[in-house]
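See below for my_file37.cif, which holds mmCIF, C-alpha atoms and all ligand atoms.
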```
data_start
loop_
_atom_site.label_atom_id
_atom_site.label_comp_id
_atom_site.auth_asym_id
_atom_site.auth_seq_id
_atom_site.Cartn_x
_atom_site.Cartn_y
_atom_site.Cartn_z
CA MET L 1 6.51 1.19 -19.91
CA MET L 2 4.29 -1.11 -17.92
CA ASN L 3 6.25 -3.73 -16.09
CA TYR L 4 4.22 -3.78 -12.89
CA MET L 5 2.24 -7.00 -12.73
CA TYR L 6 2.58 -7.77 -9.03
CA PRO L 7 0.76 -9.60 -7.65
CA SER L 8 -2.79 -10.11 -8.85
CA ALA L 9 -3.26 -12.53 -11.69
CA ILE L 10 -6.46 -12.89 -13.67
CA GLY L 11 -8.75 -15.38 -11.98
CA ALA L 12 -6.78 -15.40 -8.72
CA GLY L 13 -9.15 -12.99 -6.99
CA CYS L 14 -8.37 -10.09 -4.72
CA GLY L 15 -9.21 -8.85 -1.25
CA PRO L 16 -8.69 -10.43 2.16
CA LEU L 17 -9.26 -14.20 2.17
CA LEU L 18 -10.36 -14.06 5.82
CA GLN L 19 -13.46 -12.13 6.88
CA SER L 20 -13.15 -9.13 9.18
CA GLY L 21 -15.83 -8.32 11.76
CA ALA L 22 -17.29 -5.68 9.40
CA ALA L 23 -17.40 -8.17 6.52
CA LYS L 24 -19.27 -10.70 8.67
CA ALA L 25 -21.84 -8.02 9.54
CA ALA L 26 -22.33 -7.06 5.87
CA SER L 27 -25.50 -7.92 3.95
CA LEU L 28 -25.78 -11.43 2.51
CA ARG L 29 -25.40 -10.13 -1.05
CA LEU L 30 -22.20 -8.24 -0.14
CA GLN L 31 -20.75 -11.26 1.69
CA PHE L 32 -21.58 -13.42 -1.33
CA PHE L 33 -19.96 -10.91 -3.71
CA GLN L 34 -16.85 -10.57 -1.50
CA HIS L 35 -16.46 -14.34 -1.23
CA VAL L 36 -16.51 -14.76 -5.02
CA ARG L 37 -14.09 -11.84 -5.49
CA ALA L 38 -11.64 -13.16 -2.90
CA ASN L 39 -11.59 -16.60 -4.51
CA GLY L 40 -11.37 -15.37 -8.07
CA ARG L 41 -13.86 -17.99 -9.16
CA ALA L 42 -16.28 -19.97 -7.02
CA ALA L 43 -19.10 -22.42 -7.68
CA ARG L 44 -22.49 -21.35 -6.27
CA ALA L 45 -22.65 -24.41 -4.02
CA ASP L 46 -19.21 -23.67 -2.56
CA VAL L 47 -20.22 -20.11 -1.69
CA ALA L 48 -23.45 -21.41 -0.11
CA ARG L 49 -21.41 -23.85 1.98
CA ALA L 50 -18.88 -21.18 3.05
CA LEU L 51 -21.60 -18.69 4.06
CA LYS L 52 -23.81 -21.40 5.57
CA ILE L 53 -26.87 -20.47 3.48
CA SER L 54 -29.35 -22.66 1.62
CA ALA L 55 -29.01 -23.51 -2.07
CA GLY L 56 -32.23 -21.58 -2.67
CA SER L 57 -30.85 -18.38 -1.09
CA ALA L 58 -27.62 -18.76 -3.06
CA THR L 59 -29.57 -19.06 -6.31
CA ALA L 60 -31.67 -15.97 -5.53
CA VAL L 61 -28.64 -13.87 -4.57
CA THR L 62 -26.71 -15.07 -7.62
CA SER L 63 -29.44 -14.12 -10.05
CA ASP L 64 -29.73 -10.63 -8.49
CA LEU L 65 -25.99 -10.04 -8.72
CA ILE L 66 -25.88 -11.35 -12.30
CA ALA L 67 -28.86 -9.19 -13.31
CA SER L 68 -27.09 -6.13 -11.84
CA GLY L 69 -24.00 -6.84 -13.96
CA LEU L 70 -21.74 -7.52 -10.96
CA LEU L 71 -21.22 -11.29 -11.30
CA GLN L 72 -21.03 -13.52 -14.36
CA GLU L 73 -21.05 -17.26 -14.99
CA VAL L 74 -17.99 -18.91 -16.49
CA SER L 75 -17.61 -22.54 -17.47
CA GLU L 76 -14.67 -24.38 -15.99
CA GLN L 77 -13.28 -27.63 -17.33
CA THR L 78 -12.03 -29.24 -14.13
CA ARG L 79 -10.29 -32.60 -13.94
CA GLU L 80 -13.39 -34.21 -12.46
CA THR L 81 -15.65 -32.80 -15.14
CA GLY L 82 -13.03 -33.15 -17.87
CA ARG L 83 -14.97 -35.74 -19.80
CA GLY L 84 -18.43 -34.43 -19.03
CA ARG L 85 -20.13 -31.07 -19.11
CA PRO L 86 -17.96 -28.19 -17.83
CA SER L 87 -18.99 -26.97 -14.37
CA VAL L 88 -20.26 -23.40 -14.00
CA ALA L 89 -18.47 -21.04 -11.66
CA LEU L 90 -19.12 -17.42 -10.72
CA GLU L 91 -16.70 -14.51 -11.02
CA VAL L 92 -16.87 -10.75 -10.61
CA VAL L 93 -17.41 -8.92 -13.91
CA PRO L 94 -14.03 -7.17 -14.24
CA THR L 95 -15.41 -4.42 -16.48
CA ALA L 96 -18.22 -3.51 -14.04
CA ALA L 97 -16.11 -0.57 -12.84
CA TYR L 98 -12.75 1.13 -13.40
CA VAL L 99 -10.71 2.70 -10.66
CA VAL L 100 -7.55 4.81 -10.46
CA GLY L 101 -5.00 4.55 -7.61
CA ILE L 102 -2.39 7.29 -7.16
CA LYS L 103 0.68 7.63 -4.96
CA LEU L 104 1.78 11.25 -4.58
CA SER L 105 5.34 11.92 -3.46
CA SER L 106 8.10 14.49 -3.59
CA ARG L 107 10.16 12.42 -6.03
CA ARG L 108 7.64 11.16 -8.55
CA HIS L 109 3.91 10.56 -8.66
CA CYS L 110 2.68 7.09 -9.73
CA ALA L 111 -0.77 6.02 -10.88
CA VAL L 112 -2.47 2.81 -12.01
CA LEU L 113 -5.79 2.09 -13.64
CA THR L 114 -7.46 -1.10 -12.45
CA ASP L 115 -10.60 -2.96 -13.31
CA PHE L 116 -13.21 -3.97 -10.70
CA VAL L 117 -11.11 -6.89 -9.45
CA GLY L 118 -7.90 -4.90 -9.11
CA ASN L 119 -6.13 -6.08 -12.27
CA VAL L 120 -3.72 -3.34 -13.34
CA LEU L 121 -4.60 -2.20 -16.87
CA ALA L 122 -2.25 0.79 -17.15
CA GLY L 123 0.47 2.45 -15.10
CA VAL L 124 2.13 5.87 -15.43
CA THR L 125 4.56 8.14 -13.56
CA LEU L 126 5.05 11.90 -13.45
CA PRO L 127 8.18 13.67 -12.13
CA SER L 128 7.62 15.59 -8.90
CA ASN L 129 9.81 17.72 -6.63
CA ASN L 130 10.30 18.81 -3.03
CA ARG L 131 8.59 22.16 -3.54
CA ARG L 132 5.32 22.75 -1.66
CA ARG L 133 2.46 23.44 -4.07
CA SER L 134 -1.03 24.92 -4.18
CA LEU L 135 -4.18 22.81 -4.28
CA GLN L 136 -4.76 23.84 -7.92
CA GLU L 137 -1.22 22.78 -8.90
CA LEU L 138 -1.68 19.43 -7.22
CA LEU L 139 -5.06 18.96 -8.93
CA ASP L 140 -3.38 19.74 -12.29
CA GLN L 141 -0.81 17.01 -11.62
CA ILE L 142 -3.54 14.53 -10.65
CA THR L 143 -5.37 15.49 -13.87
CA SER L 144 -2.22 14.83 -15.94
CA LEU L 145 -1.85 11.37 -14.36
CA ILE L 146 -5.47 10.50 -15.12
CA ASP L 147 -5.16 11.79 -18.71
CA MET L 148 -2.04 9.64 -19.25
CA LEU L 149 -3.80 6.55 -17.87
CA VAL L 150 -6.85 7.13 -20.05
CA GLN L 151 -4.64 7.44 -23.13
CA GLN L 152 -2.60 4.34 -22.31
CA ALA L 153 -5.68 2.21 -21.65
CA GLU L 154 -7.64 3.73 -24.55
CA ILE L 155 -10.71 4.45 -22.43
CA SER L 156 -12.58 7.67 -21.64
CA VAL L 157 -12.37 9.62 -18.36
CA ASP L 158 -16.11 8.99 -18.04
CA ASP L 159 -15.37 5.25 -17.77
CA ILE L 160 -13.55 5.82 -14.45
CA ASP L 161 -15.83 5.36 -11.43
CA ALA L 162 -13.64 6.42 -8.50
CA VAL L 163 -10.11 7.46 -7.57
CA GLY L 164 -7.99 6.69 -4.50
CA ILE L 165 -4.93 8.72 -3.48
CA GLY L 166 -2.22 8.05 -0.91
CA VAL L 167 -0.36 11.11 0.40
CA PRO L 168 2.62 11.48 2.73
CA GLY L 169 0.82 13.27 5.53
CA ILE L 170 -2.13 13.50 7.89
CA VAL L 171 -5.54 12.81 6.39
CA ASP L 172 -9.17 13.21 7.47
CA MET L 173 -10.47 10.34 5.35
CA GLU L 174 -14.11 10.82 6.11
CA ASN L 175 -14.23 14.40 4.82
CA GLY L 176 -11.50 14.02 2.18
CA VAL L 177 -9.38 16.72 3.82
CA VAL L 178 -5.58 16.70 3.87
CA ARG L 179 -4.77 18.05 7.32
CA TRP L 180 -1.05 18.29 6.62
CA CYS L 181 1.08 17.10 3.74
CA SER L 182 4.71 17.79 2.86
CA LEU L 183 3.64 18.42 -0.76
CA LEU L 184 1.07 21.16 -0.04
CA GLN L 185 1.57 24.85 0.84
CA ASP L 186 -1.49 24.98 3.06
CA ASP L 187 -2.90 22.91 5.91
CA ASP L 188 -6.50 21.62 5.99
CA VAL L 189 -6.86 21.33 2.21
CA ASP L 190 -10.28 20.17 0.94
CA LEU L 191 -8.81 17.86 -1.69
CA ALA L 192 -11.76 15.48 -2.23
CA PRO L 193 -14.41 18.27 -2.52
CA ALA L 194 -12.17 20.19 -4.99
CA PHE L 195 -11.54 16.97 -6.95
CA ALA L 196 -15.28 16.23 -7.13
CA VAL L 197 -15.90 19.65 -8.71
CA ARG L 198 -13.35 18.95 -11.43
CA PHE L 199 -14.14 15.29 -12.09
CA ASP L 200 -17.63 14.50 -10.86
CA MET L 201 -16.52 11.25 -9.22
CA PRO L 202 -15.60 10.30 -5.65
CA LEU L 203 -12.04 10.55 -4.34
CA PHE L 204 -10.72 8.54 -1.39
CA ILE L 205 -7.63 9.82 0.41
CA ASP L 206 -5.47 8.07 2.98
CA ASN L 207 -2.00 8.13 4.44
CA ASP L 208 0.36 6.50 1.91
CA THR L 209 1.68 3.83 4.29
CA ASN L 210 -1.90 2.71 4.92
CA MET L 211 -2.37 2.38 1.14
CA LEU L 212 0.72 0.18 0.90
CA THR L 213 -0.57 -1.97 3.74
CA LEU L 214 -3.90 -2.34 1.90
CA ALA L 215 -1.97 -3.47 -1.21
CA GLU L 216 -0.49 -6.31 0.86
CA LEU L 217 -3.89 -7.14 2.40
CA TRP L 218 -5.71 -7.20 -0.95
CA PHE L 219 -3.13 -8.39 -3.44
CA GLY L 220 -0.03 -9.53 -1.59
CA GLU L 221 1.32 -11.72 1.15
CA GLY L 222 -1.15 -10.41 3.73
CA ARG L 223 -4.24 -11.83 2.00
CA ASP L 224 -4.39 -14.94 4.16
CA LYS L 225 -3.07 -13.36 7.37
CA THR L 226 -5.26 -12.29 10.28
CA ASP L 227 -2.55 -9.92 11.51
CA PHE L 228 0.61 -8.49 9.98
CA ALA L 229 2.72 -5.34 9.99
CA VAL L 230 4.33 -3.37 7.17
CA VAL L 231 7.41 -1.28 7.91
CA THR L 232 8.45 1.26 5.27
CA ILE L 233 11.91 2.77 4.97
CA GLU L 234 11.84 5.77 2.70
CA ASN L 235 12.79 9.35 3.46
CA GLY L 236 11.32 8.51 6.87
CA VAL L 237 10.23 5.31 8.59
CA GLY L 238 6.52 4.40 8.56
CA MET L 239 4.36 1.51 9.64
CA GLY L 240 1.02 -0.05 8.72
CA LEU L 241 -0.78 -2.64 10.81
CA VAL L 242 -3.52 -5.15 10.07
CA VAL L 243 -5.41 -6.51 13.09
CA ASN L 244 -8.21 -9.05 12.70
CA ASN L 245 -8.10 -8.75 8.87
CA THR L 246 -8.68 -5.00 9.11
CA LEU L 247 -6.32 -2.09 8.58
CA TYR L 248 -5.76 -0.38 11.94
CA ARG L 249 -5.98 3.40 11.35
CA GLY L 250 -5.71 4.88 14.84
CA SER L 251 -7.89 7.85 15.74
CA HIS L 252 -6.40 10.86 13.99
CA GLY L 253 -5.41 9.88 10.42
CA VAL L 254 -1.74 10.19 11.21
CA GLY L 255 -0.56 6.67 10.44
CA LEU L 256 1.65 4.73 12.82
CA GLU L 257 4.83 6.73 13.34
CA LEU L 258 7.33 3.99 14.05
CA GLY L 259 10.04 6.41 12.88
CA HIS L 260 9.39 8.73 15.81
CA THR L 261 9.36 6.13 18.56
CA LYS L 262 12.34 6.78 20.81
CA VAL L 263 15.27 4.41 20.72
CA GLN L 264 17.82 6.59 22.57
CA MET L 265 17.28 9.10 25.38
CA ASP L 266 18.81 12.48 24.42
CA GLY L 267 20.01 10.84 21.20
CA ALA L 268 20.48 12.20 17.69
CA LEU L 269 18.33 15.15 16.61
CA CYS L 270 15.35 14.16 14.45
CA ARG L 271 13.75 16.38 11.81
CA CYS L 272 10.61 16.38 13.98
CA GLY L 273 12.51 18.49 16.50
CA GLN L 274 12.82 15.79 19.15
CA ARG L 275 15.81 13.64 20.03
CA GLY L 276 16.46 9.93 19.88
CA CYS L 277 13.79 8.95 17.29
CA LEU L 278 14.38 5.76 15.29
CA GLU L 279 14.26 7.86 12.13
CA ALA L 280 17.17 9.99 13.35
CA TYR L 281 19.30 6.83 12.97
CA LEU L 282 17.67 5.29 9.90
CA GLY L 283 16.24 8.05 7.66
CA ASP L 284 18.05 9.50 4.64
CA TYR L 285 19.33 12.45 6.62
CA ALA L 286 20.62 10.13 9.33
CA LEU L 287 22.67 8.15 6.81
CA THR L 288 24.01 11.21 5.00
CA ARG L 289 24.86 13.05 8.25
CA GLU L 290 28.25 11.39 8.39
CA VAL L 291 28.81 11.00 4.68
CA GLY L 292 31.58 13.61 4.70
CA VAL L 293 33.59 11.45 7.10
CA ALA L 294 33.24 8.32 4.98
CA LEU L 295 33.81 9.89 1.57
CA ASP L 296 36.04 12.55 0.13
CA LEU L 297 33.13 14.43 -1.34
CA GLY L 298 34.72 17.20 -3.40
CA GLU L 299 32.23 18.18 -6.08
CA ALA L 300 29.72 15.57 -4.85
CA ARG L 301 29.06 17.82 -1.83
CA HIS L 302 26.26 19.53 -3.74
CA ARG L 303 24.41 16.39 -4.76
CA THR L 304 20.91 15.60 -3.49
CA PRO L 305 20.62 13.42 -0.34
CA GLU L 306 19.34 10.56 -2.55
CA ASP L 307 22.39 10.73 -4.81
CA LEU L 308 24.71 10.96 -1.80
CA LEU L 309 23.10 7.83 -0.37
CA ASP L 310 23.62 5.95 -3.62
CA LEU L 311 27.25 7.05 -3.60
CA LEU L 312 27.64 5.90 0.00
CA PHE L 313 26.10 2.54 -0.87
CA GLU L 314 28.44 2.04 -3.85
CA GLU L 315 31.39 2.85 -1.57
CA ALA L 316 30.21 0.37 1.07
CA LYS L 317 29.85 -2.30 -1.63
CA SER L 318 33.36 -1.65 -2.86
CA GLY L 319 34.82 -2.10 0.62
CA ASN L 320 34.91 1.38 2.19
CA ALA L 321 34.93 0.54 5.91
CA ALA L 322 33.48 3.88 7.10
CA ALA L 323 30.61 3.65 4.61
CA LYS L 324 29.91 0.08 5.78
CA THR L 325 29.91 1.24 9.40
CA ILE L 326 27.25 3.85 8.63
CA PHE L 327 24.92 1.27 7.07
CA ARG L 328 25.66 -1.28 9.79
CA ARG L 329 24.63 1.12 12.54
CA ALA L 330 21.42 1.99 10.68
CA GLY L 331 20.73 -1.74 10.35
CA ARG L 332 21.20 -2.26 14.09
CA TYR L 333 18.68 0.49 14.83
CA LEU L 334 16.29 -1.08 12.35
CA ALA L 335 16.70 -4.31 14.37
CA VAL L 336 15.69 -2.37 17.51
CA GLY L 337 12.61 -0.96 15.73
CA LEU L 338 11.55 -4.35 14.37
CA SER L 339 11.99 -6.10 17.71
CA ASN L 340 9.79 -3.43 19.33
CA VAL L 341 7.08 -4.10 16.72
CA VAL L 342 7.28 -7.82 17.50
CA GLN L 343 7.13 -7.23 21.27
CA LEU L 344 4.12 -4.92 20.99
CA PHE L 345 1.99 -6.66 18.37
CA ASP L 346 3.29 -10.22 18.02
CA PRO L 347 2.59 -10.37 14.26
CA PRO L 348 3.37 -13.60 12.37
CA LEU L 349 4.82 -11.50 9.54
CA ILE L 350 6.51 -8.13 9.05
CA ILE L 351 6.82 -6.95 5.45
CA ILE L 352 9.64 -4.44 4.93
CA SER L 353 9.09 -2.15 2.00
CA GLY L 354 10.04 1.24 0.62
CA GLU L 355 12.66 2.82 -1.55
CA ARG L 356 15.55 2.09 0.82
CA THR L 357 15.11 -1.67 0.67
CA ARG L 358 17.65 -1.58 -2.13
CA TYR L 359 20.34 -0.95 0.53
CA ASP L 360 20.62 -4.59 1.48
CA TYR L 361 22.95 -3.86 4.40
CA LEU L 362 19.89 -2.68 6.31
CA PHE L 363 18.54 -6.20 6.59
CA ALA L 364 21.61 -8.36 6.35
CA ASP L 365 21.53 -11.69 8.21
CA GLU L 366 23.24 -10.14 11.24
CA VAL L 367 20.55 -7.43 11.43
CA LEU L 368 17.76 -10.03 11.49
CA ALA L 369 19.75 -12.12 13.99
CA GLU L 370 20.10 -9.06 16.23
CA MET L 371 16.36 -8.41 15.99
CA LYS L 372 15.72 -11.97 17.21
CA THR L 373 18.21 -11.55 20.06
CA MET L 374 16.36 -8.44 21.24
CA THR L 375 12.97 -10.16 21.15
CA LEU L 376 11.78 -12.26 24.08
CA SER L 377 11.30 -15.54 22.30
CA ASP L 378 10.94 -18.35 24.85
CA VAL L 379 7.34 -19.15 23.92
CA ARG L 380 7.01 -17.08 20.78
CA GLN L 381 7.00 -18.43 17.25
CA PRO L 382 9.62 -16.49 15.30
CA CYS L 383 8.15 -13.59 13.31
CA ALA L 384 8.74 -14.00 9.56
CA ILE L 385 10.34 -11.07 7.76
CA ALA L 386 9.60 -10.50 4.07
CA ILE L 387 11.59 -7.94 2.10
CA ARG L 388 9.56 -6.40 -0.69
CA PRO L 389 11.67 -5.15 -3.61
CA TRP L 390 11.08 -1.48 -4.12
CA ASP L 391 8.32 -0.63 -6.59
CA ASP L 392 6.12 2.38 -5.93
CA MET L 393 3.49 1.06 -8.34
CA VAL L 394 2.53 -1.26 -5.45
CA TRP L 395 1.60 1.82 -3.40
CA ALA L 396 -0.54 3.16 -6.25
CA HIS L 397 -2.20 -0.26 -6.56
CA GLY L 398 -3.05 -0.12 -2.84
CA ALA L 399 -4.46 3.40 -3.29
CA ALA L 400 -7.09 1.86 -5.60
CA VAL L 401 -8.34 -0.43 -2.79
CA PRO L 402 -10.56 2.03 -0.82
CA ALA L 403 -12.13 3.10 -4.15
CA ILE L 404 -12.80 -0.51 -5.25
CA SER L 405 -14.13 -1.35 -1.80
CA ALA L 406 -16.48 1.67 -1.57
CA LEU L 407 -17.72 1.09 -5.13
CA SER L 408 -18.47 -2.57 -4.34
CA ASP L 409 -20.47 -1.55 -1.27
CA LYS L 410 -22.42 1.00 -3.32
CA LEU L 411 -23.12 -1.20 -6.37
CA VAL L 412 -24.19 -4.17 -4.24
CA ALA L 413 -26.43 -1.86 -2.15
CA ASP L 414 -27.98 -0.55 -5.40
CA CYS L 415 -28.58 -4.18 -6.43
CA GLU L 416 -30.33 -4.77 -3.08
CA MET L 417 -32.52 -1.70 -3.55
CA SER L 418 -33.66 -2.86 -6.98
CA ASN L 419 -34.42 -6.39 -5.78
CA THR L 420 -36.38 -5.75 -2.61
ZN ZN T 501 11.25 12.30 15.30
#
```
Kindly transcribe the structure held in the file into structure tokens.
Amino acid sequence: MMNYMYPSAIGAGCGPLLQSGAAKAASLRLQFFQHVRANGRAARADVARALKISAGSATAVTSDLIASGLLQEVSEQTRETGRGRPSVALEVVPTAAYVVGIKLSSRRHCAVLTDFVGNVLAGVTLPSNNRRRSLQELLDQITSLIDMLVQQAEISVDDIDAVGIGVPGIVDMENGVVRWCSLLQDDDVDLAPAFAVRFDMPLFIDNDTNMLTLAELWFGEGRDKTDFAVVTIENGVGMGLVVNNTLYRGSHGVGLELGHTKVQMDGALCRCGQRGCLEAYLGDYALTREVGVALDLGEARHRTPEDLLDLLFEEAKSGNAAAKTIFRRAGRYLAVGLSNVVQLFDPPLIIISGERTRYDYLFADEVLAEMKTMTLSDVRQPCAIAIRPWDDMVWAHGAAVPAISALSDKLVADCEMSNT
């Protein structure tokens, strides 16, 4: 079933290409390791030049990292060396660790298994539903996903070193606690401690939109950007933000709630209980609110909101003026939301992602033109907009990032301990 190959390719490297403040403050060995990983392959001398260290230091660090099984030498036949001896480059040993990334949602759960450089080795999905569940039920579903991955990749559970999970909700990352999640019956659920009892390996949890943003920062179009924003249109409207090559998380694990910024005083009622939120004009329930006016529903009345939306979209495509009007208004509100993001953060790029990107009316040329009109642009370079085709495997891939990152820190620190 695996068709997800976006976007990392063997040898292309992964992780931010630009160093964040934290990365610059990391130990020399970790900086060296991260530089090689980001470039896919790098000659020792090139790393030494980039990190401004002597050839002697580079040789010492390289031999430590090779002895610890984290880096390996590969010969490269470049054009310059084509007729002579192949040059030797360094790369991260992909099999040094295996990591699982999981996206949990009310529609279907997705999971990928990656190697130590983020290459996707297996990918699986499991049907889900809107019902709130107990911690044990959720753990059983996570267990099923891991079992399916292990089978597909023909490895053992013991080969997996860490797991990352993105949930739709509020997360205390540090303690691995899900403060609130639409999938769980209870608040303040100790998911990571309960997981560690069952699996004896670390679990990293984050808000799902943050995981998607990390996927763009590590594997996607954000790799070479200092700053960029991700806007997701799903059941609700979310946002992720990278500032100075680092994911901005805010203070309370909530994620950036673009969907609940106000775009109309005393406007439409939002599911959060307030009025005039962007989401009240752009979310599923906003689009289906008027579906009865646009369509003669009949039996379709009892369909799920998702099915009703698909029906509405088909109608709009086949020329139904009322259905088109519904999508056009949602698109105009999206333009308002995007222009506000540009005004506040001035990113060079906004990536629009999420399940609803298949409704192309939402970002038709006139929507993007309207966004530009609403943005003060006298001295501003226009912000690029990238539309990411919907694929929730990308979210699962991003969920693997905190696990890969924490494992790298730990394994390189272990290497330091054994060589000092
Ligand atoms: Zn709201």
Produce as a short mmCIF file (atom, residue, chain, number, x, y, z; two decimals) with C-alpha atoms, keeping the file's coordinate frame the set of residues near ligand ZN 501 (chain T), where near means within 7 Å with all atoms listed in the file considered.
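Output below, filename result09.cif:
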```cif
data_model
loop_
_atom_site.label_atom_id
_atom_site.label_comp_id
_atom_site.auth_asym_id
_atom_site.auth_seq_id
_atom_site.Cartn_x
_atom_site.Cartn_y
_atom_site.Cartn_z
CA GLY L 259 10.04 6.41 12.88
CA HIS L 260 9.39 8.73 15.81
CA CYS L 270 15.35 14.16 14.45
CA ARG L 271 13.75 16.38 11.81
CA CYS L 272 10.61 16.38 13.98
CA GLY L 273 12.51 18.49 16.50
CA GLN L 274 12.82 15.79 19.15
CA ARG L 275 15.81 13.64 20.03
CA CYS L 277 13.79 8.95 17.29
CA GLU L 279 14.26 7.86 12.13
CA ALA L 280 17.17 9.99 13.35
#
```
- Task: Can you pull out every residue within 9 Å of Phe313 of chain L, counting all atoms listed in the file, but drop anything in the same chain fewer than 2 positions away, and send it as a PyMOL selection string?
- Result: chain L and resi 308-311+315-318+323-324+327+359+361
- Got a sec: who's within 10 Å of segment 23-40 of chain L, counting all atoms listed in the file, leaving out chain neighbours fewer than 2 positions off, as an NGL selection string? :L and (9-21 or 42-44 or 46-48 or 50-51 or 53 or 57-58 or 60-62 or 64-65 or 70-71 or 89-94 or 116-118 or 218-219 or 223 or 245-246 or 405 or 408-413 or 415-416)
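When the distance limit is 7 Å and all atoms listed in the file are what count, the residues near segment 160-166 of chain L, minus those fewer than 2 positions from it on the same chain, are L:Ala97, L:Tyr98, L:Val99, L:Val100, L:Gly101, L:Ile102, L:Lys103, L:Leu104, L:Val157, L:Asp158, L:Pro168, L:Met201, L:Pro202, L:Leu203, L:Phe204, L:Ile205, L:Asp206, L:Asn207, L:Asp208, L:Met211, L:Ala399, L:Ala400, L:Pro402, L:Ala403.
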- Provide the atom CA of Pro382 of chain L to atom CA of Ala335 of chain L distance in Å, to one decimal place. 14.1 Å
- Item | Separation of atom CA of Leu241 of chain L from atom CA of Gly222 of chain L in Å |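 Separation between atom CA of Gly222 of chain L and atom CA of Leu241 of chain L: 10.5 Å.
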- Message: Let me make sure I understand: among L:Ala330, L:Val124, L:Ala192, L:Ser63, which one has the smallest atom-to-atom distance to Ala153 of chain L if we use all atoms listed in the file?
- Response: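 Closest to Ala153 of chain L, using all atoms listed in the file: L:Val124.
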- Message: So, with only C-alpha atoms as the atoms that count, which of L:Ile146, L:Ala406, L:Ala96, L:Leu344 lies closest to His109 of chain L?
- Response: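 Comparing L:Ile146, L:Ala406, L:Ala96, L:Leu344 against His109 of chain L, the winner is L:Ile146.
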Nearby residues (all atoms listed in the file) at most 6 Å from segment 252-256 of chain L, same-chain spacing under 6 positions excluded, as an mmCIF file with C-alpha atoms, in the frame of the given file:
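Saved to around.cif:
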```cif
data_model
loop_
_atom_site.group_PDB
_atom_site.id
_atom_site.type_symbol
_atom_site.label_atom_id
_atom_site.label_comp_id
_atom_site.auth_asym_id
_atom_site.auth_seq_id
_atom_site.Cartn_x
_atom_site.Cartn_y
_atom_site.Cartn_z
ATOM 1 C CA ILE L 170 -2.130 13.500 7.890
ATOM 2 C CA VAL L 171 -5.540 12.810 6.390
ATOM 3 C CA ASP L 172 -9.170 13.210 7.470
ATOM 4 C CA MET L 239 4.360 1.510 9.640
#
```
- Find the distance between atom CA of Gly298 of chain L and atom CA of Ala268 of chain L and write it in Å to one decimal. 25.9 Å
